[in-house]
Each structure stands twice: as C-alpha cells, then as structure tokens.
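File shown: structure_27.cif (mmCIF, C-alpha atoms).
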```
data_target
#
loop_
_atom_site.label_atom_id
_atom_site.label_comp_id
_atom_site.auth_asym_id
_atom_site.auth_seq_id
_atom_site.Cartn_x
_atom_site.Cartn_y
_atom_site.Cartn_z
CA MET A 1 -29.01 -3.13 -35.09
CA LEU A 2 -25.67 -3.89 -33.45
CA ASP A 3 -25.21 -2.71 -29.85
CA LEU A 4 -21.76 -1.29 -29.12
CA VAL A 5 -21.94 -2.55 -25.54
CA HIS A 6 -22.46 -6.09 -26.82
CA LEU A 7 -19.65 -5.67 -29.33
CA ARG A 8 -17.31 -4.47 -26.58
CA SER A 9 -17.98 -7.60 -24.56
CA PHE A 10 -17.43 -9.78 -27.64
CA VAL A 11 -14.08 -8.10 -28.44
CA SER A 12 -12.88 -8.42 -24.84
CA ILE A 13 -13.73 -12.13 -24.75
CA ALA A 14 -11.96 -12.65 -28.07
CA GLN A 15 -8.84 -10.75 -26.96
CA LEU A 16 -8.51 -12.45 -23.57
CA ALA A 17 -9.93 -15.87 -24.52
CA SER A 18 -11.82 -15.86 -21.25
CA PHE A 19 -15.24 -14.76 -20.02
CA THR A 20 -13.79 -14.28 -16.53
CA HIS A 21 -10.98 -11.98 -17.68
CA ALA A 22 -13.32 -10.10 -20.01
CA SER A 23 -15.76 -9.41 -17.17
CA GLN A 24 -12.89 -8.20 -14.96
CA LYS A 25 -11.61 -5.91 -17.68
CA LEU A 26 -15.05 -4.42 -18.30
CA GLY A 27 -16.03 -4.23 -14.62
CA LEU A 28 -19.12 -6.36 -15.24
CA ARG A 29 -20.49 -9.61 -13.89
CA GLN A 30 -19.58 -12.67 -15.91
CA SER A 31 -23.27 -13.43 -16.40
CA THR A 32 -23.75 -9.98 -17.91
CA VAL A 33 -20.91 -10.50 -20.38
CA SER A 34 -22.43 -13.87 -21.33
CA GLN A 35 -25.80 -12.20 -21.90
CA HIS A 36 -24.17 -9.59 -24.15
CA LEU A 37 -22.66 -12.32 -26.29
CA GLN A 38 -25.92 -14.26 -26.42
CA ARG A 39 -27.87 -11.19 -27.57
CA LEU A 40 -25.25 -10.37 -30.19
CA GLU A 41 -25.44 -13.93 -31.55
CA GLU A 42 -29.24 -13.68 -31.61
CA VAL A 43 -29.16 -10.40 -33.58
CA LEU A 44 -26.70 -11.81 -36.13
CA GLY A 45 -28.21 -15.27 -36.21
CA ARG A 46 -24.72 -16.78 -36.01
CA ARG A 47 -22.63 -18.55 -33.38
CA LEU A 48 -19.54 -16.43 -32.66
CA LEU A 49 -17.68 -18.44 -30.00
CA ASP A 50 -17.12 -22.07 -29.13
CA ARG A 51 -16.57 -22.96 -25.47
CA ASP A 52 -15.16 -26.20 -24.07
CA THR A 53 -12.89 -27.42 -21.28
CA HIS A 54 -9.84 -26.06 -23.14
CA GLY A 55 -11.11 -22.48 -23.28
CA VAL A 56 -12.82 -20.10 -25.69
CA ARG A 57 -12.30 -20.04 -29.46
CA LEU A 58 -13.73 -17.89 -32.21
CA THR A 59 -15.88 -19.57 -34.83
CA ALA A 60 -15.43 -18.67 -38.49
CA ASP A 61 -18.23 -16.10 -38.11
CA GLY A 62 -16.57 -14.74 -35.00
CA GLU A 63 -13.28 -14.33 -36.86
CA ALA A 64 -15.12 -12.47 -39.61
CA LEU A 65 -16.87 -10.13 -37.17
CA LEU A 66 -13.85 -9.31 -34.96
CA PRO A 67 -12.01 -6.74 -37.18
CA HIS A 68 -15.27 -4.92 -37.95
CA ALA A 69 -16.24 -4.87 -34.27
CA ARG A 70 -12.85 -3.40 -33.38
CA GLN A 71 -13.25 -0.78 -36.08
CA LEU A 72 -16.68 0.27 -34.79
CA LEU A 73 -15.44 0.53 -31.20
CA SER A 74 -12.38 2.48 -32.32
CA LEU A 75 -14.61 4.94 -34.19
CA GLU A 76 -16.73 5.34 -31.06
CA ARG A 77 -13.64 6.10 -28.95
CA GLN A 78 -12.24 8.53 -31.49
CA THR A 79 -15.54 10.39 -31.69
CA ALA A 80 -15.81 10.66 -27.92
CA SER A 81 -12.19 11.85 -27.68
CA LEU A 82 -12.99 14.93 -29.75
CA PHE A 83 -14.97 16.31 -26.82
CA GLU A 84 -12.63 15.43 -23.95
CA ALA A 85 -10.81 18.47 -22.62
CA ALA A 86 -7.81 16.62 -21.14
CA GLN A 87 -7.38 14.17 -24.00
CA PRO A 88 -3.83 12.74 -24.27
CA ARG A 89 -2.10 13.96 -27.40
CA GLY A 90 1.34 14.66 -28.78
CA ARG A 91 4.41 12.42 -28.68
CA LEU A 92 4.96 9.54 -26.24
CA ARG A 93 8.46 8.05 -26.26
CA LEU A 94 7.81 4.67 -24.70
CA GLY A 95 10.41 2.12 -23.60
CA ILE A 96 9.35 -1.51 -23.11
CA SER A 97 11.35 -4.36 -21.59
CA GLU A 98 12.33 -7.12 -24.01
CA ASP A 99 10.54 -9.62 -21.70
CA LEU A 100 7.14 -8.24 -22.71
CA VAL A 101 7.51 -8.41 -26.49
CA SER A 102 5.99 -11.89 -26.84
CA GLY A 103 3.25 -11.17 -24.35
CA GLN A 104 0.40 -8.67 -24.35
CA LEU A 105 2.38 -5.82 -25.90
CA PRO A 106 0.58 -5.96 -29.27
CA LEU A 107 -2.87 -5.85 -27.64
CA LEU A 108 -1.70 -3.20 -25.17
CA LEU A 109 -0.50 -0.92 -27.97
CA GLN A 110 -3.55 -1.68 -30.10
CA ASP A 111 -5.92 -0.61 -27.34
CA PHE A 112 -3.88 2.49 -26.45
CA ILE A 113 -3.71 3.79 -30.01
CA ALA A 114 -7.39 3.02 -30.57
CA ASP A 115 -8.35 4.92 -27.42
CA TYR A 116 -5.97 7.85 -27.99
CA PRO A 117 -5.44 8.38 -31.73
CA ALA A 118 -3.99 11.87 -31.15
CA VAL A 119 -0.89 10.34 -29.49
CA GLU A 120 2.19 9.83 -31.67
CA LEU A 121 3.90 6.74 -30.26
CA HIS A 122 7.67 6.24 -30.47
CA LEU A 123 8.49 2.71 -29.24
CA THR A 124 11.84 1.39 -28.02
CA VAL A 125 12.30 -2.27 -26.98
CA ALA A 126 15.48 -3.05 -25.05
CA LEU A 127 16.92 -4.48 -21.84
CA SER A 128 15.72 -2.79 -18.66
CA LYS A 129 19.12 -1.29 -17.78
CA ASP A 130 19.51 0.15 -21.27
CA LEU A 131 16.03 1.69 -21.05
CA ALA A 132 16.90 3.27 -17.69
CA ASP A 133 20.06 4.78 -19.19
CA MET A 134 18.10 6.18 -22.14
CA GLN A 135 15.52 7.69 -19.80
CA ASP A 136 18.23 9.29 -17.66
CA LYS A 137 19.56 10.94 -20.83
CA GLY A 138 16.10 12.39 -21.55
CA GLU A 139 15.40 10.08 -24.50
CA LEU A 140 12.26 8.36 -23.11
CA ASP A 141 9.09 9.68 -21.48
CA LEU A 142 7.84 6.43 -19.95
CA VAL A 143 9.47 3.06 -19.30
CA LEU A 144 7.82 -0.30 -18.56
CA ALA A 145 10.67 -2.50 -17.37
CA LYS A 146 11.79 -4.67 -14.47
CA ARG A 147 13.90 -4.13 -11.40
CA ARG A 148 15.56 -6.13 -8.67
CA LEU A 149 13.72 -6.55 -5.38
CA GLY A 150 14.70 -3.73 -3.05
CA ASP A 151 15.49 -1.24 -5.80
CA ARG A 152 13.62 2.06 -5.56
CA ARG A 153 13.38 3.17 -9.16
CA GLY A 154 9.84 3.34 -10.54
CA GLU A 155 6.35 2.36 -9.45
CA PRO A 156 5.93 -1.43 -9.01
CA ILE A 157 2.97 -2.97 -10.79
CA LEU A 158 3.75 -6.69 -10.74
CA ARG A 159 6.07 -9.14 -8.96
CA GLU A 160 7.05 -12.24 -10.93
CA PRO A 161 9.12 -15.36 -10.17
CA LEU A 162 11.90 -16.21 -12.62
CA VAL A 163 11.78 -19.85 -13.76
CA TRP A 164 14.01 -22.23 -15.70
CA LEU A 165 12.57 -23.28 -19.08
CA ALA A 166 13.57 -25.82 -21.71
CA ALA A 167 12.07 -27.66 -24.66
CA ASP A 168 13.11 -30.99 -23.09
CA PRO A 169 13.98 -30.56 -19.38
CA ASP A 170 15.21 -34.16 -18.96
CA ALA A 171 17.67 -33.86 -21.85
CA VAL A 172 19.05 -30.57 -20.52
CA LEU A 173 19.42 -31.85 -16.96
CA ALA A 174 21.27 -34.93 -18.19
CA LYS A 175 24.15 -32.80 -19.45
CA PRO A 176 27.19 -32.61 -17.10
CA ILE A 177 27.47 -28.83 -17.55
CA LEU A 178 24.28 -26.75 -17.66
CA PRO A 179 23.88 -25.06 -21.09
CA LEU A 180 22.58 -21.50 -20.71
CA ILE A 181 20.65 -19.33 -23.18
CA VAL A 182 20.93 -15.74 -21.96
CA PHE A 183 20.63 -12.07 -22.77
CA PRO A 184 23.97 -10.22 -22.96
CA PRO A 185 25.02 -7.84 -20.16
CA PRO A 186 23.60 -5.70 -18.60
CA SER A 187 20.59 -8.07 -18.40
CA LEU A 188 19.09 -8.25 -14.91
CA THR A 189 17.76 -11.76 -15.56
CA ARG A 190 21.27 -12.90 -16.55
CA THR A 191 22.74 -11.40 -13.38
CA LEU A 192 20.17 -13.05 -11.10
CA LEU A 193 20.38 -16.52 -12.66
CA MET A 194 24.17 -16.53 -12.55
CA GLU A 195 24.15 -15.44 -8.91
CA ALA A 196 21.84 -18.37 -8.14
CA LEU A 197 24.11 -20.82 -9.97
CA GLU A 198 27.23 -19.49 -8.25
CA ARG A 199 25.65 -19.81 -4.80
CA ALA A 200 24.73 -23.43 -5.54
CA GLY A 201 28.09 -24.29 -7.11
CA GLN A 202 26.34 -25.40 -10.29
CA PRO A 203 28.67 -25.68 -13.33
CA TRP A 204 27.41 -23.88 -16.43
CA ARG A 205 28.39 -22.62 -19.85
CA ILE A 206 26.75 -20.14 -22.22
CA VAL A 207 25.67 -21.79 -25.48
CA CYS A 208 23.69 -18.86 -26.89
CA SER A 209 23.57 -15.13 -26.17
CA CYS A 210 21.18 -12.83 -28.02
CA GLN A 211 19.80 -9.31 -27.56
CA SER A 212 16.24 -10.30 -28.57
CA LEU A 213 13.81 -12.59 -26.76
CA SER A 214 12.66 -14.06 -30.07
CA GLY A 215 16.22 -15.22 -30.78
CA LEU A 216 16.63 -16.73 -27.31
CA THR A 217 13.26 -18.46 -27.58
CA ALA A 218 14.22 -19.99 -30.93
CA ALA A 219 17.43 -21.37 -29.42
CA ALA A 220 15.53 -22.82 -26.45
CA ARG A 221 12.88 -24.42 -28.67
CA ALA A 222 15.71 -25.98 -30.69
CA GLY A 223 16.88 -27.74 -27.52
CA MET A 224 20.16 -25.85 -27.11
CA GLY A 225 19.76 -25.27 -23.38
CA VAL A 226 17.79 -23.58 -20.61
CA LEU A 227 16.23 -20.12 -20.73
CA VAL A 228 15.09 -18.06 -17.75
CA GLN A 229 11.97 -15.90 -18.00
CA PRO A 230 9.21 -14.59 -15.70
CA ARG A 231 6.76 -17.45 -15.18
CA ASN A 232 3.68 -15.72 -16.61
CA LEU A 233 5.64 -14.52 -19.64
CA ALA A 234 7.13 -17.89 -20.53
CA PRO A 235 7.16 -18.40 -24.32
CA SER A 236 5.07 -21.23 -25.72
CA GLY A 237 6.81 -24.46 -26.64
CA LEU A 238 8.93 -24.51 -23.48
CA ARG A 239 8.38 -26.38 -20.21
CA GLU A 240 9.21 -25.22 -16.72
CA LEU A 241 11.81 -27.33 -14.92
CA PRO A 242 10.84 -28.84 -11.53
CA PRO A 243 11.66 -26.49 -8.62
CA SER A 244 14.19 -28.96 -7.19
CA ALA A 245 16.09 -29.38 -10.48
CA LEU A 246 18.04 -26.11 -10.39
CA PRO A 247 18.63 -23.32 -7.83
CA ALA A 248 15.78 -20.91 -7.11
CA ILE A 249 16.22 -17.45 -8.62
CA GLU A 250 15.23 -14.19 -6.95
CA ASP A 251 11.90 -12.68 -8.07
CA VAL A 252 11.75 -9.51 -10.13
CA GLU A 253 9.33 -6.58 -10.15
CA PHE A 254 7.93 -4.93 -13.25
CA ILE A 255 7.76 -1.17 -12.90
CA LEU A 256 6.55 1.97 -14.61
CA VAL A 257 8.92 4.94 -14.61
CA ALA A 258 7.68 8.32 -15.84
CA SER A 259 10.03 11.15 -16.73
CA PRO A 260 9.40 14.47 -14.92
CA GLY A 261 8.66 16.40 -18.11
CA ALA A 262 6.29 13.84 -19.66
CA ASP A 263 2.66 14.76 -20.34
CA ARG A 264 0.68 13.74 -17.24
CA ASN A 265 -2.55 12.93 -19.08
CA THR A 266 -0.78 10.61 -21.51
CA ILE A 267 1.21 8.90 -18.74
CA ALA A 268 -1.93 8.42 -16.65
CA ALA A 269 -3.83 6.95 -19.61
CA PHE A 270 -1.10 4.42 -20.41
CA THR A 271 -0.66 3.53 -16.73
CA ARG A 272 -4.37 2.77 -16.39
CA LEU A 273 -4.22 0.47 -19.38
CA VAL A 274 -1.14 -1.39 -18.07
CA ARG A 275 -2.75 -1.91 -14.66
CA GLU A 276 -5.85 -3.24 -16.37
CA ARG A 277 -3.72 -5.76 -18.27
CA VAL A 278 -1.95 -6.79 -15.08
CA ALA A 279 -5.29 -7.31 -13.34
CA ASN A 280 -6.31 -9.64 -16.19
CA GLY A 281 -2.97 -11.46 -16.14
CA LEU A 282 0.09 -10.68 -18.22
CA HIS A 283 0.70 -13.74 -20.35
CA PRO A 284 2.25 -14.52 -23.71
CA ALA A 285 0.17 -14.63 -26.84
CA ARG A 286 -0.37 -18.22 -27.94
#
```
For this file, produce the structure as structure tokens.
Amino acid sequence: MLDLVHLRSFVSIAQLASFTHASQKLGLRQSTVSQHLQRLEEVLGRRLLDRDTHGVRLTADGEALLPHARQLLSLERQTASLFEAAQPRGRLRLGISEDLVSGQLPLLLQDFIADYPAVELHLTVALSKDLADMQDKGELDLVLAKRRLGDRRGEPILREPLVWLAADPDAVLAKPILPLIVFPPPSLTRTLLMEALERAGQPWRIVCSCQSLSGLTAAARAGMGVLVQPRNLAPSGLRELPPSALPAIEDVEFILVASPGADRNTIAAFTRLVRERVANGLHPAR
C-alpha cells in the first residue's frame, strides 16, 4: 500500500531536483526524506530516482509515477479542505512580474490550485510598474513584483542582484557599442541598467525591445546582445558576464503587495507558498 507521506517526499524531490531543498520544504531531515524514498522504492520494487554529481533525475518509472502521485496528494488536500473552516475560496486576481514567468511560477500555481481548489485564479503577467498601476485602480488583489531599493511599497520577500547575460560574452564585449536587449518603459530593470551605463559613460544602443521575457530571452540566445535579469532567475542558455566587464547595477527587491479589500485567508495562503519557494531558492525551470 502506498504511503502518502512517502509520496509527498517523492514529489518534492522531483519538483525541486534536490533532497536538500525537498527536506527544507517539508520541514524534515534530509535523512528522513531519503528513507521515505527508499521505502517507496521498496514497496513498488522499482528505482524511481537516479543520483549523481550533477543532481537528481527521475527514472522512467519515476516519470510514470509522478503524475499519479500528484493526483493522489491533490485528492488528499481537496478532501481535507472540505473540513477547514477558514478555507480560501472565491476569486483571486493575481499579478506576477514578467521576471518570474520562466522560473517557478508554473510549480507555484500548480501547488496553490492543488491546495486550494475552491479559489478561482485570474492571472495577469506584466511589468512591475504596470501591475502597480492596475492594483491602484482596484483591478488586482495581490501582486508579486519587484521594487527599487528604498521604495516602501509592499512587503519584501527577496533581494536579488541584477546581472549582465549573453549567449557569448566575449563576442558581445568585442563590439564598440554595447548592444542592449531590454523591456520597454516603464521597466525598472531597464531604468537601473541605463543609469549604471550612464554613470560609467558606457556607449550603448538598443537592438531589441520586447514586452515578454520569452521574446527577450530568444533574442539573447540568438546572440543579438546583452540581457539583464536577476541572477537567480537567469534564463538557461545564457552566461553571466564577469563583474569587471560592465558597470554594476543596483539590486532589486521582490515584494508582495496585497490590496486592502482582498480576502485575508487567500492572501495568507499564497504568501506562505511564495515564502516557501523563496526559502528553497527561486530559480528558472531547466
């Protein structure tokens, strides 16, 4: 018989590709999480994970088990939620910064909806300033975005350095005028990187401007120029330039901003989940 506790450890390891991060997420010792996996493999008579110096990978049997394990855990959560008095429910109009789209957003939303199926989620992805404007107009209940150091809006959850990225740093640095790949105004990242270039007297030109991170990432991977992103959210396929190559850019803070009229139980539930993800490391899906 399958043990839901063992399945929960297995799913966490699979999601985070790390025994250490899974144990942190579950609030258990790493040895305990390892024991859960071992017992699950013994019950099934199959090896579910391969471990080496490069990390943790699902075996074919692990891949087959994962969707069923998630379904069983989701059913458990939904059943338990029927008897919780203060269960989040109703509509949540959520705004997410474009920076987070290629990171843990899919897993974040997957876990939230699985835990709170009575919530109707309305998702908006945009630049942080645009999300703030929408929230001020009463169009969003909760915003996960970024702010400049020293700003007071929102509750800070994570401080991140902004770094220069390119597919081929040497080729980009060899150009006489720095080619930039940027979000359009009113992007905070764009403002901060241009301030850094102006202070250093670095010549630059914009070679690509796009509203979506996926578009900017495609341009950077094609070798068009340099892209600036938070270090732990850097898209795959790009390399960070050496610190001495270009001017340092001011750090940013990621924040949560709740609207006064938003449901407190729903906001608290989503905030707990975000903080859990931050504790385990916000990073892009590979």
Residues selected by the PyMOL selection byres ((chain A and resi 203) around 6), written as an NGL selection string: :A and (177 or 202 or 204)
If you apply the PyMOL selection byres ((chain A and resi 129) around 12) to this file, what residues do you get, as JSON, numbers by chain? {"A": [95, 96, 97, 98, 125, 126, 127, 128, 130, 131, 132, 133, 134, 135, 136, 143, 144, 145, 146, 147, 148, 153, 183, 184, 185, 186, 187, 188, 189, 190, 191]}
Apply the PyMOL selection byres ((chain A and resi 73) around 12) to the displayed file and report the matching residues as a ChimeraX atom specification. /A:2-12,66-72,74-80,111,114-115
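Residues with any atom within 9 Å of the point (14.4, -13.5, -25.6), counting only C-alpha atoms, are Glu98, Asp99, Val101, Ser102, Ile181, Val182, Phe183, Cys210, Gln211, Ser212, Leu213, Ser214, Gly215, Leu216, Thr217, Ala218, Leu227, Gln229 and Pro235 of chain A.
Those residues that approach stretch 154-157 of chain A to within 8 Å, counting all atoms listed in the file, are Glu253, Phe254, Ile255, Leu256, Val257, Ala258, Arg275 and Val278 of chain A; same-chain residues fewer than 3 positions away are not listed.
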Using C-alpha atoms, can you write the selected residues to a file as a tab-separated table (two decimals), keeping the file's coordinate frame?
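The resulting file, out_20.tsv, is shown below:
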```tsv
chain	number	residue	atom	x	y	z
A	253	GLU	CA	9.33	-6.58	-10.15
A	254	PHE	CA	7.93	-4.93	-13.25
A	255	ILE	CA	7.76	-1.17	-12.90
A	256	LEU	CA	6.55	1.97	-14.61
A	257	VAL	CA	8.92	4.94	-14.61
A	258	ALA	CA	7.68	8.32	-15.84
A	275	ARG	CA	-2.75	-1.91	-14.66
A	278	VAL	CA	-1.95	-6.79	-15.08
```
I want to know what sits within 10 Å of stretch 24-32 of chain A, based on only C-alpha atoms, with residues of the same chain fewer than 5 positions away left out; could you give that as a list in words? His6, Arg8, Ser9, Ser12, Ile13, Leu16, Ser18, Phe19, Leu37, Gln38, Leu273, Glu276, Arg277, Ala279 and Asn280 of chain A
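Across A:Pro230, A:His21, A:Gly261, A:Leu165, the tightest approach to A:Pro243 is made by A:Leu165 when counting only C-alpha atoms.
Of note, atom CA of A:Val119 and atom CA of A:Pro106 are spaced 16.4 Å apart.
Of the residues listed (A:Val274, A:Leu173, A:Met1, A:Leu140), A:Val274 shows the shortest atom-to-atom separation from A:Leu109; distances use all atoms listed in the file.
In terms of minimum interatomic distance to A:Ala222, A:Val172 ranks closest within A:Leu197, A:Ala245, A:Val172, A:Ala268, counting all atoms listed in the file.
Computed from the coordinates, the atom CA of A:Ile249 to atom CA of A:Gly237 distance equals 21.5 Å.
Taking atom CA of A:Arg51 as the reference point, atom CA of A:Glu240 is found at 27.3 Å.
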So that I can check the surroundings of A:Arg46, please list as a ChimeraX atom specification every protein, DNA and RNA residue that reaches within 9 Å of it, counting all atoms listed in the file and ignoring chain neighbours fewer than 6 positions away. /A:40,61-62
